[in-house]
>>> print(open('model-v8.txt').read())   # compact mmCIF, C-alpha atoms
# COMPACT_ATOMS: atom_id res chain seq x y z
CA MET A 23 -26.97 7.26 -4.85
CA THR A 24 -23.32 7.18 -3.97
CA ARG A 25 -23.83 4.22 -1.67
CA ASP A 26 -25.66 2.51 -4.51
CA VAL A 27 -22.69 3.11 -6.78
CA ARG A 28 -20.32 1.62 -4.26
CA ALA A 29 -22.57 -1.35 -3.73
CA GLU A 30 -22.96 -1.79 -7.47
CA PHE A 31 -19.23 -1.79 -8.13
CA ARG A 32 -18.59 -4.12 -5.23
CA ALA A 33 -21.31 -6.48 -6.38
CA ILE A 34 -19.89 -6.56 -9.90
CA TYR A 35 -16.43 -7.15 -8.51
CA GLU A 36 -17.62 -9.98 -6.29
CA SER A 37 -19.46 -11.71 -9.09
CA GLU A 38 -16.92 -11.15 -11.86
CA VAL A 39 -13.47 -11.27 -10.28
CA ALA A 40 -13.14 -15.03 -10.75
CA TYR A 41 -14.38 -14.65 -14.32
CA VAL A 42 -11.79 -11.95 -15.02
CA CYS A 43 -8.96 -14.00 -13.49
CA SER A 44 -9.99 -17.08 -15.44
CA TRP A 45 -10.07 -15.15 -18.69
CA LEU A 46 -6.71 -13.52 -18.05
CA ALA A 47 -5.18 -16.92 -17.45
CA ARG A 48 -6.90 -18.21 -20.56
CA LEU A 49 -5.38 -15.34 -22.55
CA GLY A 50 -1.89 -16.34 -21.54
CA VAL A 51 -1.20 -14.05 -18.60
CA ALA A 52 1.35 -15.69 -16.32
CA PRO A 53 -0.14 -16.90 -13.02
CA GLY A 54 1.98 -14.48 -11.03
CA ASP A 55 0.70 -11.56 -13.07
CA VAL A 56 -2.99 -12.42 -13.07
CA GLU A 57 -3.70 -10.49 -9.90
CA ASP A 58 -1.91 -7.38 -11.15
CA LEU A 59 -3.73 -7.50 -14.47
CA ALA A 60 -7.05 -8.08 -12.71
CA HIS A 61 -6.29 -5.02 -10.61
CA ASP A 62 -5.72 -2.97 -13.77
CA VAL A 63 -8.88 -4.32 -15.36
CA PHE A 64 -11.07 -3.33 -12.43
CA VAL A 65 -9.40 0.05 -12.05
CA THR A 66 -10.09 0.71 -15.72
CA PHE A 67 -13.62 -0.57 -15.29
CA TYR A 68 -14.09 1.78 -12.36
CA ARG A 69 -12.73 4.76 -14.24
CA ARG A 70 -15.11 4.05 -17.09
CA PHE A 71 -18.04 3.23 -14.88
CA ASP A 72 -20.04 6.16 -16.21
CA ASP A 73 -19.74 4.79 -19.73
CA TYR A 74 -21.10 1.41 -18.77
CA ASP A 75 -24.65 0.89 -20.04
CA ARG A 76 -26.52 -0.73 -17.18
CA THR A 77 -29.15 -2.06 -19.54
CA ARG A 78 -26.62 -4.42 -21.06
CA PRO A 79 -24.86 -7.41 -19.52
CA VAL A 80 -21.63 -6.56 -17.82
CA ARG A 81 -19.48 -9.44 -19.04
CA PRO A 82 -19.01 -8.30 -22.63
CA TRP A 83 -18.00 -4.90 -21.32
CA ILE A 84 -15.50 -6.45 -18.94
CA CYS A 85 -14.20 -8.75 -21.66
CA GLY A 86 -13.44 -5.73 -23.82
CA ILE A 87 -11.38 -4.23 -21.02
CA LEU A 88 -9.55 -7.39 -20.04
CA PHE A 89 -8.77 -8.26 -23.64
CA ARG A 90 -7.04 -4.92 -24.13
CA ALA A 91 -5.17 -5.35 -20.87
CA ALA A 92 -4.03 -8.82 -21.86
CA SER A 93 -3.04 -7.64 -25.34
CA ASP A 94 -0.89 -4.87 -23.88
CA TYR A 95 0.61 -7.33 -21.47
CA ARG A 96 1.53 -9.77 -24.22
CA ARG A 97 2.70 -7.05 -26.57
CA SER A 98 5.33 -6.02 -24.10
CA ALA A 99 6.75 -9.56 -24.44
CA ARG A 100 8.65 -9.13 -21.25
CA SER A 101 6.58 -11.19 -18.88
CA ARG A 102 9.21 -12.09 -16.38
CA LYS A 103 9.06 -15.41 -14.58
CA GLU A 104 9.80 -13.79 -11.24
CA THR A 105 6.71 -13.52 -9.08
CA LEU A 106 6.59 -10.48 -6.84
CA THR A 107 3.02 -10.79 -5.66
CA PRO A 108 1.20 -13.84 -4.38
CA GLU A 109 -0.34 -15.81 -7.17
CA VAL A 110 -4.06 -15.86 -7.53
CA GLU A 111 -5.14 -19.18 -6.18
CA LEU A 112 -7.29 -20.77 -8.80
CA HIS A 113 -9.01 -23.72 -7.27
CA ALA A 114 -10.19 -26.56 -9.38
CA ALA A 115 -13.87 -26.19 -10.00
CA PRO A 116 -15.84 -28.97 -8.34
CA LEU A 117 -16.84 -31.53 -10.90
CA SER A 118 -19.92 -33.63 -10.77
CA SER A 119 -20.06 -37.33 -9.82
CA ASP A 120 -18.84 -40.01 -12.20
CA ALA A 121 -18.23 -37.66 -15.09
CA THR A 122 -15.24 -36.19 -13.27
CA LEU A 123 -12.46 -37.92 -15.17
CA LEU A 124 -14.06 -37.43 -18.54
CA ALA A 125 -14.79 -33.80 -17.84
CA ARG A 126 -11.21 -33.13 -16.74
CA GLU A 127 -9.93 -34.58 -19.97
CA GLU A 128 -12.36 -32.51 -21.99
CA VAL A 129 -11.49 -29.32 -20.17
CA SER A 130 -7.87 -29.98 -20.85
CA LEU A 131 -8.58 -30.58 -24.52
CA VAL A 132 -10.53 -27.34 -24.66
CA GLU A 133 -7.67 -25.45 -23.05
CA LYS A 134 -5.15 -26.93 -25.44
CA ALA A 135 -7.27 -26.15 -28.45
CA LEU A 136 -7.88 -22.63 -27.20
CA ASN A 137 -4.19 -22.09 -26.71
CA ALA A 138 -3.65 -23.03 -30.32
CA LEU A 139 -5.60 -19.93 -31.34
CA PRO A 140 -4.23 -16.38 -31.43
CA ILE A 141 -5.59 -14.44 -28.46
CA GLU A 142 -7.70 -12.23 -30.73
CA ASP A 143 -9.49 -15.36 -31.93
CA ARG A 144 -9.43 -16.96 -28.50
CA ILE A 145 -11.40 -14.15 -26.90
CA VAL A 146 -13.95 -14.06 -29.70
CA PHE A 147 -14.40 -17.82 -29.70
CA GLY A 148 -14.55 -18.04 -25.92
CA MET A 149 -17.02 -15.21 -25.53
CA HIS A 150 -19.25 -16.81 -28.12
CA GLU A 151 -18.87 -20.53 -27.65
CA ILE A 152 -18.10 -20.75 -23.94
CA ASP A 153 -19.84 -17.74 -22.44
CA GLY A 154 -22.70 -17.81 -24.91
CA MET A 155 -22.57 -14.15 -25.88
CA SER A 156 -24.17 -13.05 -29.09
CA ILE A 157 -22.08 -11.87 -32.02
CA PRO A 158 -23.47 -8.31 -31.85
CA GLU A 159 -22.59 -8.16 -28.15
CA ILE A 160 -19.05 -9.28 -28.86
CA ALA A 161 -18.72 -6.92 -31.80
CA ARG A 162 -19.78 -4.03 -29.59
CA ALA A 163 -17.45 -4.99 -26.75
CA LEU A 164 -14.40 -5.53 -28.95
CA GLU A 165 -15.29 -2.77 -31.42
CA ILE A 166 -15.31 -5.08 -34.41
CA ASN A 167 -17.63 -4.90 -37.39
CA VAL A 168 -20.47 -7.31 -36.74
CA ASN A 169 -20.54 -8.83 -40.22
CA THR A 170 -16.81 -9.30 -40.18
CA LEU A 171 -17.18 -11.02 -36.86
CA TYR A 172 -19.81 -13.47 -38.15
CA SER A 173 -17.41 -14.54 -40.88
CA ARG A 174 -14.50 -14.63 -38.51
CA VAL A 175 -16.31 -16.85 -36.02
CA ARG A 176 -16.87 -19.48 -38.69
CA VAL A 177 -13.17 -19.55 -39.51
CA ILE A 178 -12.16 -19.66 -35.86
CA ARG A 179 -14.63 -22.44 -35.14
CA GLY A 180 -13.04 -24.55 -37.86
CA GLU A 181 -9.57 -23.88 -36.52
CA PHE A 182 -10.63 -24.70 -32.97
CA LEU A 183 -12.33 -27.91 -34.02
CA ALA A 184 -9.30 -29.02 -35.99
CA ALA A 185 -7.02 -28.34 -33.04
CA TYR A 186 -9.42 -30.07 -30.67
CA ARG A 187 -9.52 -33.23 -32.81
CA ARG A 188 -5.78 -33.14 -33.26
CA PHE A 189 -5.19 -33.11 -29.51
CA GLU A 190 -7.89 -35.73 -29.07
CA ARG A 191 -6.08 -38.07 -31.46
CA LYS A 192 -2.80 -37.45 -29.66
CA GLY A 193 -4.23 -38.78 -26.47
CA GLY A 194 -6.40 -36.11 -24.93
CA GLY A 195 -5.87 -34.24 -21.78
CA ALA A 196 -2.81 -33.55 -19.81
CA MET B 8 -26.26 -11.26 -41.56
CA THR B 9 -28.18 -12.66 -38.62
CA GLU B 10 -27.50 -16.38 -38.80
CA ASP B 11 -26.16 -17.77 -35.58
CA PRO B 12 -23.64 -20.43 -36.54
CA ARG B 13 -23.09 -21.73 -33.01
CA ASP B 14 -24.82 -25.03 -33.68
CA GLU B 15 -22.19 -26.06 -36.17
CA LEU B 16 -19.90 -27.50 -33.51
CA PRO B 17 -20.32 -31.22 -32.79
CA LEU B 18 -22.20 -32.14 -29.66
CA ASP B 19 -19.20 -33.63 -27.83
CA VAL B 20 -17.20 -30.45 -28.35
CA ARG B 21 -20.06 -28.29 -27.20
CA ASP B 22 -20.37 -30.41 -24.08
CA ALA B 23 -16.65 -30.01 -23.44
CA LEU B 24 -16.94 -26.26 -23.87
CA ALA B 25 -19.88 -26.19 -21.47
CA GLU B 26 -17.68 -27.76 -18.81
CA HIS B 27 -15.40 -24.79 -19.26
CA ARG B 28 -18.14 -22.25 -18.69
CA GLU B 29 -17.84 -21.80 -14.94
CA PRO B 30 -14.83 -19.69 -14.01
CA LYS B 31 -12.44 -21.23 -11.55
CA PRO B 32 -13.15 -19.72 -8.13
CA ILE B 33 -10.52 -17.71 -6.31
CA SER B 34 -9.98 -17.73 -2.59
CA LEU B 35 -11.73 -15.25 -0.35
CA GLU B 36 -8.40 -13.98 0.88
CA THR B 37 -7.22 -13.22 -2.64
CA LYS B 38 -10.51 -11.61 -3.48
CA ASP B 39 -10.40 -9.31 -0.45
CA ARG B 40 -6.75 -8.44 -0.95
CA LEU B 41 -7.34 -7.57 -4.59
CA TYR B 42 -10.36 -5.44 -3.76
CA ALA B 43 -8.36 -3.54 -1.17
CA ARG B 44 -5.71 -2.81 -3.80
CA ILE B 45 -8.30 -1.67 -6.29
CA GLU B 46 -9.96 0.57 -3.75
CA SER B 47 -6.68 2.14 -2.74
CA SER B 48 -5.84 2.77 -6.38
CA VAL B 49 -9.08 4.37 -7.44
CA VAL B 50 -9.89 6.25 -4.27
CA THR B 51 -7.68 8.73 -2.55
CA THR B 52 -9.94 11.40 -1.17
CA ALA B 53 -12.88 9.22 -0.24
CA PRO B 54 -13.96 5.59 -0.36
CA ILE B 55 -15.86 4.34 -3.36
CA GLY B 56 -19.27 5.92 -3.48
CA ASP B 57 -18.68 8.52 -0.79
CA GLY B 58 -19.40 11.47 -2.98
CA THR B 59 -16.14 11.77 -4.87
CA ARG B 60 -16.37 8.59 -6.84
CA ALA B 61 -13.40 7.87 -8.99
CA SER B 62 -15.49 8.04 -12.12
CA THR B 63 -14.62 11.71 -11.81
CA LEU B 64 -11.13 10.60 -12.69
CA SER B 65 -11.75 10.10 -16.37
CA PRO B 66 -9.63 12.51 -18.39
CA SER B 67 -12.61 13.98 -20.22
CA ARG B 68 -14.38 14.61 -16.94
CA ILE B 69 -11.31 16.19 -15.41
CA GLY B 70 -11.09 18.44 -18.43
CA ARG B 71 -14.70 19.49 -18.05
CA VAL B 72 -14.32 20.14 -14.34
CA ALA B 73 -11.10 22.08 -14.86
CA ALA B 74 -12.67 24.17 -17.61
CA PHE B 75 -15.68 24.89 -15.43
CA VAL B 76 -13.60 25.84 -12.42
CA LEU B 77 -11.26 28.04 -14.43
CA THR B 78 -14.15 29.78 -16.14
CA PHE B 79 -15.82 30.33 -12.80
CA VAL B 80 -12.70 31.70 -11.14
CA ALA B 81 -11.76 33.92 -14.06
CA GLY B 82 -15.31 35.25 -14.22
CA ALA B 83 -15.41 35.88 -10.50
CA ILE B 84 -12.10 37.70 -10.50
CA VAL B 85 -13.00 39.83 -13.49
CA GLY B 86 -16.36 40.60 -11.94
CA ILE B 87 -14.77 41.62 -8.67
CA TYR B 88 -12.36 44.01 -10.33
CA LEU B 89 -14.93 45.44 -12.68
CA HIS B 90 -17.20 45.98 -9.75
CA ALA B 91 -14.43 47.58 -7.71
CA PHE B 92 -13.26 49.96 -10.40
CA PHE B 93 -16.29 50.74 -12.51
CA GLY B 94 -19.41 49.65 -10.76
CA ALA B 95 -19.10 51.11 -7.27
CA PRO B 96 -22.46 52.27 -5.85
CA GLU B 97 -23.03 56.00 -5.49
CA ASP B 98 -24.11 55.74 -1.88
CA PRO B 99 -20.92 55.83 0.18
CA ALA B 100 -22.64 53.91 2.94
CA LEU B 101 -22.92 50.92 0.65
CA ILE B 102 -19.26 50.96 -0.20
CA SER B 103 -17.49 48.56 2.06
CA THR B 104 -14.08 49.25 0.55
CA PRO B 105 -12.18 51.82 2.57
CA PRO B 106 -10.86 54.76 0.54
CA SER B 107 -7.33 53.90 1.54
CA MET B 108 -7.47 50.45 0.04
CA PRO B 109 -4.52 50.05 -2.29
CA HIS B 110 -5.30 49.59 -5.93
CA VAL B 111 -4.43 46.25 -7.40
CA PRO B 112 -2.11 46.68 -10.35
CA ASP B 113 -3.62 46.01 -13.74
CA ALA B 114 -1.03 43.32 -14.28
CA SER B 115 -2.77 41.22 -11.68
CA VAL B 116 -5.93 41.30 -13.73
CA SER B 117 -4.13 40.19 -16.84
CA ASP B 118 -2.40 37.51 -14.82
CA ALA B 119 -5.75 36.07 -13.99
CA PHE B 120 -6.20 35.20 -17.64
CA GLN B 121 -2.84 33.51 -17.77
CA LEU B 122 -3.63 30.92 -15.16
CA PRO B 123 -2.30 27.54 -16.16
CA ILE B 124 -4.79 24.91 -17.17
CA VAL B 125 -3.92 22.63 -14.28
CA VAL B 126 -6.52 22.94 -11.58
CA SER B 127 -4.13 22.79 -8.68
CA ASP B 128 -1.93 25.52 -10.04
CA ALA B 129 -4.99 27.57 -10.84
CA SER B 130 -6.06 27.37 -7.25
CA VAL B 131 -2.67 28.48 -6.00
CA ALA B 132 -2.49 31.29 -8.50
CA ALA B 133 -6.00 32.40 -7.77
CA GLN B 134 -5.30 32.47 -4.07
CA SER B 135 -2.09 34.41 -4.54
CA ILE B 136 -3.72 37.21 -6.51
CA ALA B 137 -7.06 37.26 -4.79
CA PRO B 138 -7.82 40.56 -3.05
CA THR B 139 -8.55 40.56 0.64
CA PRO B 140 -12.15 39.60 1.43
CA SER B 141 -12.55 42.58 3.71
CA GLY B 142 -12.58 44.85 0.73
CA HIS B 143 -15.67 43.31 -0.85
CA SER B 144 -19.24 42.43 -0.17
CA HIS B 145 -20.45 39.21 1.40
CA ARG B 146 -21.49 38.01 -2.04
CA ASP B 147 -17.91 38.33 -3.24
CA SER B 148 -16.69 36.45 -0.20
CA ASP B 149 -19.19 33.70 -0.83
CA ALA B 150 -18.08 33.53 -4.43
CA HIS B 151 -14.50 33.17 -3.31
CA ALA B 152 -15.42 30.51 -0.79
CA THR B 153 -17.32 28.58 -3.45
CA ALA B 154 -14.46 28.97 -5.90
CA ASP B 155 -11.96 27.83 -3.29
CA ALA B 156 -14.05 24.78 -2.47
CA SER B 157 -14.44 23.93 -6.14
CA LEU B 158 -10.74 24.38 -6.72
CA ALA B 159 -9.86 22.22 -3.77
CA GLN B 160 -12.15 19.50 -5.02
CA GLY B 161 -10.71 19.85 -8.52
CA ARG B 162 -7.22 19.59 -7.15
CA ASP B 163 -8.11 16.45 -5.23
CA THR B 164 -9.71 14.97 -8.31
CA ALA B 165 -6.67 15.71 -10.44
CA LEU B 166 -4.42 14.25 -7.79
CA ALA B 167 -6.53 11.11 -7.61
CA ALA B 168 -6.35 10.73 -11.39
CA GLU B 169 -2.60 11.09 -11.29
CA ARG B 170 -2.24 8.60 -8.50
CA VAL B 171 -4.16 6.03 -10.49
CA ALA B 172 -1.91 6.56 -13.49
CA ILE B 173 1.24 6.38 -11.39
CA GLU B 174 -0.01 3.32 -9.53
CA MET B 175 -0.70 1.48 -12.77
CA ALA B 176 2.79 2.26 -14.01
CA ARG B 177 4.29 1.19 -10.73
CA THR B 178 2.30 -2.03 -10.79
CA ALA B 179 3.49 -2.78 -14.31
CA LEU B 180 7.07 -2.11 -13.27
CA ARG B 181 6.75 -4.33 -10.23
CA ARG B 182 5.61 -7.26 -12.29
CA GLY B 183 8.53 -6.73 -14.62
CA ASP B 184 6.61 -5.16 -17.46
CA ALA B 185 8.90 -2.18 -17.80
CA ALA B 186 7.88 -1.45 -21.39
CA GLN B 187 4.26 -1.16 -20.34
CA ALA B 188 5.30 0.97 -17.39
CA PHE B 189 7.23 3.25 -19.74
CA ASP B 190 4.18 3.61 -21.98
CA LEU B 191 1.98 4.43 -19.00
CA LEU B 192 4.44 7.02 -17.78
CA GLN B 193 4.55 8.61 -21.20
CA GLN B 194 0.77 8.65 -21.17
CA HIS B 195 0.87 10.34 -17.79
CA GLN B 196 3.30 12.88 -19.20
CA ARG B 197 0.93 13.63 -22.03
CA GLU B 198 -2.19 13.87 -19.89
CA PHE B 199 -0.77 15.93 -17.06
CA ALA B 200 1.10 18.92 -18.36
CA GLN B 201 1.89 20.20 -14.87
CA PRO B 202 1.65 17.13 -12.69
CA LEU B 203 1.51 17.02 -8.94
CA LEU B 204 3.32 13.70 -8.87
CA ARG B 205 6.15 14.59 -11.20
CA GLU B 206 8.77 13.49 -8.73
CA GLU B 207 7.27 10.01 -8.51
CA ARG B 208 6.82 9.84 -12.27
CA ASP B 209 10.37 10.89 -13.04
CA ALA B 210 11.75 8.37 -10.57
CA LEU B 211 9.67 5.64 -12.19
CA PHE B 212 10.90 6.79 -15.58
CA VAL B 213 14.47 6.13 -14.49
CA LEU B 214 13.57 2.66 -13.27
CA ALA B 215 11.59 1.88 -16.42
CA CYS B 216 14.43 3.07 -18.66
CA ALA B 217 16.97 1.09 -16.70
CA SER B 218 14.81 -2.02 -16.93
CA THR B 219 14.35 -1.66 -20.67
CA GLN B 220 18.08 -1.23 -21.34
CA ARG B 221 17.70 2.44 -22.23
CA ASP B 222 20.77 3.11 -20.20
CA ALA B 223 21.72 6.47 -21.65
CA GLU B 224 18.22 7.80 -21.18
CA ALA B 225 18.06 6.38 -17.67
CA LEU B 226 21.30 8.08 -16.69
CA ALA B 227 20.21 11.37 -18.22
CA ARG B 228 16.88 11.20 -16.45
CA ALA B 229 18.59 10.30 -13.20
CA SER B 230 20.86 13.32 -13.48
CA ARG B 231 17.90 15.57 -14.11
CA PHE B 232 16.05 13.99 -11.24
CA HIS B 233 18.88 14.62 -8.79
CA ALA B 234 19.21 18.19 -10.04
CA GLU B 235 15.52 18.95 -9.75
CA PHE B 236 14.79 17.02 -6.59
CA PRO B 237 18.04 17.10 -4.61
CA ASN B 238 16.36 16.19 -1.33
CA SER B 239 13.94 13.63 -2.70
CA LEU B 240 13.13 10.58 -0.67
CA LEU B 241 13.21 8.69 -3.94
CA SER B 242 16.83 9.59 -4.63
CA SER B 243 18.04 6.28 -3.25
CA VAL B 244 15.69 4.38 -5.54
CA VAL B 245 16.90 6.33 -8.54
CA GLU B 246 20.50 5.89 -7.50
CA HIS B 247 20.01 2.18 -7.09
CA ALA B 248 18.83 2.00 -10.70
CA VAL B 249 21.85 4.01 -11.80
CA GLN B 250 24.16 1.71 -9.92
CA SER B 251 22.55 -1.33 -11.48
CA ILE B 252 23.31 0.14 -14.90
CA SER B 253 26.84 1.00 -13.90
CA SER B 254 27.51 -2.45 -12.55
CA ARG B 255 25.99 -4.02 -15.65
CA GLU B 256 27.99 -2.02 -18.12
CA ARG B 257 30.97 -1.14 -15.92
CA VAL B 258 30.53 2.44 -16.95
CA PRO B 259 30.67 5.10 -14.25
CA ALA B 260 27.38 6.90 -13.89
CA PRO B 261 27.36 10.68 -14.03
CA ASN B 262 26.32 12.48 -10.86
CA SER B 263 26.31 9.22 -8.94
CA ARG B 264 25.48 9.41 -5.31
CA GLN B 265 26.39 7.03 -2.59
CA THR B 266 23.54 5.22 -0.96
CA SER B 267 23.42 2.84 1.88
CA PRO B 268 23.92 -0.72 0.70
CA ASP B 269 22.10 -1.97 3.74
CA SER B 270 18.65 -1.57 2.32
CA PRO B 271 18.60 -1.70 -1.44
CA PRO B 272 15.49 0.13 -2.57
CA THR B 273 12.85 -1.55 -4.63
CA HIS B 274 9.96 -0.48 -6.79
CA ASP B 275 7.77 -0.68 -3.74
CA ASN B 276 9.59 2.30 -2.28
CA LEU B 277 7.77 4.37 -4.82
>>> encode(input="model-v8.txt", output="structure tokens")
Amino acid sequence: MTRDVRAEFRAIYESEVAYVCSWLARLGVAPGDVEDLAHDVFVTFYRRFDDYDRTRPVRPWICGILFRAASDYRRSARSRKETLTPEVELHAAPLSSDATLLAREEVSLVEKALNALPIEDRIVFGMHEIDGMSIPEIARALEINVNTLYSRVRVIRGEFLAAYRRFERKGGGA
Amino acid sequence: MTEDPRDELPLDVRDALAEHREPKPISLETKDRLYARIESSVVTTAPIGDGTRASTLSPSRIGRVAAFVLTFVAGAIVGIYLHAFFGAPEDPALISTPPSMPHVPDASVSDAFQLPIVVSDASVAAQSIAPTPSGHSHRDSDAHATADASLAQGRDTALAAERVAIEMARTALRRGDAAQAFDLLQQHQREFAQPLLREERDALFVLACASTQRDAEALARASRFHAEFPNSLLSSVVEHAVQSISSRERVPAPNSRQTSPDSPPTHDNL
């Protein structure tokens, strides 16, 4: 039993740590702070391990935790530039064949458009449109009313699309 | 409302979002280093999954364990005294207590009901007032042994919970998020009425206050810290924070101490 728990936590960590770091960066956490925030996210996850419903996917649950961590981080508004711990090394994901250049531009457009959204909208939009989570799953993870969330997603989608087209007209990716 | 509006995005945008789906991988070295940090934060008495999993660290669970242990200890102590004073068997051969055994003052019994809520203190208090095992039956001794084991485990659990809270505050401070560190320390203060790591917490409080420009509070806390922990290993860290305030504002700090300038302390000293 206990060994199973250890193996379960380790397995979740192994499979989700890159996901957590990517999301933290996406939510505006400075590169030098991503590792610290990821540490806090997994410590919180561990402390609440008993509350995690194993019958449900783990990512919405983790997203709920990392969103709160990122919100607290941003709320403090004192994210210093100084880096005291080694930065998490985010390697460029390998891109496929001849679509490489196009894909890089599109990823950059997506990032720019995402950054144009408030982080509350960014997490909702990303969980839904990028990670493919259902609205009820997101509502449960972020403790938002599900009907409110359906309406909110429509608004956010419009805002994202407008920002995406705006950056596209300006010349695309970085 | 069950409509899924995902299909409203144009195809090119959906394709672009799909390219974003895979998280960027992190290096194996970073992954291992981060896991080691997590493990050291959540586990103090045993590795993850070795029987004292850190899920026992949740405040509600600590509360339940503490309540159970205190109830058990109080019940055992009351039972022992009731048995000793009112329920002694008529057959003298069955009485293991020698006639010359000194009576325990009644105040000790009432003290047992005034044990503080903190598990660690309860264990100390229980040990200090516990009668000698030789005066009681084997069952009483077993009960004491069980209670002691439970208390020790409870103390370890409480300590582990505190260490996690302190570590999170220290981590926040190290990355420059002093406001968050201050909030976490206040949370620790609320959750642990009689903490085992008060010295560490109070030192971090000084650093957090100094970093958030709460100079007066930092100086006051530093003075209290020096008064309460005059021989603390963290004194130099606290003093360094005080000196940083003094040098910033050119105001002499009360109760300043001289520290060696050779090795300026850092947050990591905590």
>>> residues_around(input="model-v8.txt", residues="A:Ala47", least_positions_apart="3", cutoff="12 Å", atoms="only C-alpha atoms", output="PDB file with C-alpha atoms, keeping the file's coordinate frame")
ATOM      1  CA  ALA A  40     -13.140 -15.030 -10.750  1.00  0.00           C
ATOM      2  CA  TYR A  41     -14.380 -14.650 -14.320  1.00  0.00           C
ATOM      3  CA  VAL A  42     -11.790 -11.950 -15.020  1.00  0.00           C
ATOM      4  CA  CYS A  43      -8.960 -14.000 -13.490  1.00  0.00           C
ATOM      5  CA  SER A  44      -9.990 -17.080 -15.440  1.00  0.00           C
ATOM      6  CA  GLY A  50      -1.890 -16.340 -21.540  1.00  0.00           C
ATOM      7  CA  VAL A  51      -1.200 -14.050 -18.600  1.00  0.00           C
ATOM      8  CA  ALA A  52       1.350 -15.690 -16.320  1.00  0.00           C
ATOM      9  CA  PRO A  53      -0.140 -16.900 -13.020  1.00  0.00           C
ATOM     10  CA  GLY A  54       1.980 -14.480 -11.030  1.00  0.00           C
ATOM     11  CA  ASP A  55       0.700 -11.560 -13.070  1.00  0.00           C
ATOM     12  CA  VAL A  56      -2.990 -12.420 -13.070  1.00  0.00           C
ATOM     13  CA  GLU A  57      -3.700 -10.490  -9.900  1.00  0.00           C
ATOM     14  CA  ASP A  58      -1.910  -7.380 -11.150  1.00  0.00           C
ATOM     15  CA  LEU A  59      -3.730  -7.500 -14.470  1.00  0.00           C
ATOM     16  CA  ALA A  60      -7.050  -8.080 -12.710  1.00  0.00           C
ATOM     17  CA  LEU A  88      -9.550  -7.390 -20.040  1.00  0.00           C
ATOM     18  CA  PHE A  89      -8.770  -8.260 -23.640  1.00  0.00           C
ATOM     19  CA  ALA A  92      -4.030  -8.820 -21.860  1.00  0.00           C
ATOM     20  CA  TYR A  95       0.610  -7.330 -21.470  1.00  0.00           C
ATOM     21  CA  ARG A  96       1.530  -9.770 -24.220  1.00  0.00           C
ATOM     22  CA  GLU A 109      -0.340 -15.810  -7.170  1.00  0.00           C
ATOM     23  CA  VAL A 110      -4.060 -15.860  -7.530  1.00  0.00           C
ATOM     24  CA  GLU A 111      -5.140 -19.180  -6.180  1.00  0.00           C
ATOM     25  CA  LEU A 112      -7.290 -20.770  -8.800  1.00  0.00           C
ATOM     26  CA  GLU A 133      -7.670 -25.450 -23.050  1.00  0.00           C
ATOM     27  CA  LEU A 136      -7.880 -22.630 -27.200  1.00  0.00           C
ATOM     28  CA  ASN A 137      -4.190 -22.090 -26.710  1.00  0.00           C
ATOM     29  CA  ILE A 141      -5.590 -14.440 -28.460  1.00  0.00           C
ATOM     30  CA  ARG A 144      -9.430 -16.960 -28.500  1.00  0.00           C
ATOM     31  CA  ILE A 145     -11.400 -14.150 -26.900  1.00  0.00           C
TER      32      ILE A 145
ATOM     33  CA  PRO B  30     -14.830 -19.690 -14.010  1.00  0.00           C
ATOM     34  CA  LYS B  31     -12.440 -21.230 -11.550  1.00  0.00           C
TER      35      LYS B  31
END
>>> atom_distance(input="model-v8.txt", atom1="atom CA of B:Leu211", atom2="atom CA of B:Gln194")
13.0 Å
>>> atom_distance(input="model-v8.txt", atom1="atom CA of A:Ser98", atom2="atom CA of B:Thr219")
10.6 Å
>>> residues_around(input="model-v8.txt", residues="B:His195", least_positions_apart="4", cutoff="9 Å", atoms="all atoms listed in the file", output="list of chain:residue names")
B:Glu169, B:Ala172, B:Ile173, B:Asp190, B:Leu191, B:Phe199, B:Ala200, B:Pro202, B:Arg208
>>> write_last_selection(input="model-v8.txt", atoms="C-alpha atoms", output="short mmCIF file (atom, residue, chain, number, x, y, z; two decimals), keeping the file's coordinate frame")
data_model
loop_
_atom_site.label_atom_id
_atom_site.label_comp_id
_atom_site.auth_asym_id
_atom_site.auth_seq_id
_atom_site.Cartn_x
_atom_site.Cartn_y
_atom_site.Cartn_z
CA GLU B 169 -2.60 11.09 -11.29
CA ALA B 172 -1.91 6.56 -13.49
CA ILE B 173 1.24 6.38 -11.39
CA ASP B 190 4.18 3.61 -21.98
CA LEU B 191 1.98 4.43 -19.00
CA PHE B 199 -0.77 15.93 -17.06
CA ALA B 200 1.10 18.92 -18.36
CA PRO B 202 1.65 17.13 -12.69
CA ARG B 208 6.82 9.84 -12.27
#
>>> atom_distance(input="model-v8.txt", atom1="atom CA of B:Ser218", atom2="atom CA of B:Glu206")
18.6 Å
>>> closest_residue(input="model-v8.txt", among="B:Glu29, B:Asp22, B:Glu224, B:Asp39", to="B:Ala248", atoms="all atoms listed in the file")
B:Glu224
>>> closest_residue(input="model-v8.txt", among="A:Glu151, A:Glu38, A:Arg174, A:Val168", to="B:Arg21", atoms="only C-alpha atoms")
A:Glu151
>>> residues_near_point(input="model-v8.txt", point="(-21.5, -7.0, -29.1)", cutoff="12 Å", atoms="only C-alpha atoms", output="ChimeraX atom specification")
/A:78-86,146,149-150,154-169,171-172
>>> closest_residue(input="model-v8.txt", among="B:Gln193, B:Gln201, B:Gln187, B:Ser254", to="chain A", atoms="all atoms listed in the file")
B:Gln187
>>> closest_residue(input="model-v8.txt", among="B:Thr178, B:Ser47, B:Gln250, B:Thr78", to="chain A", atoms="all atoms listed in the file")
B:Thr178
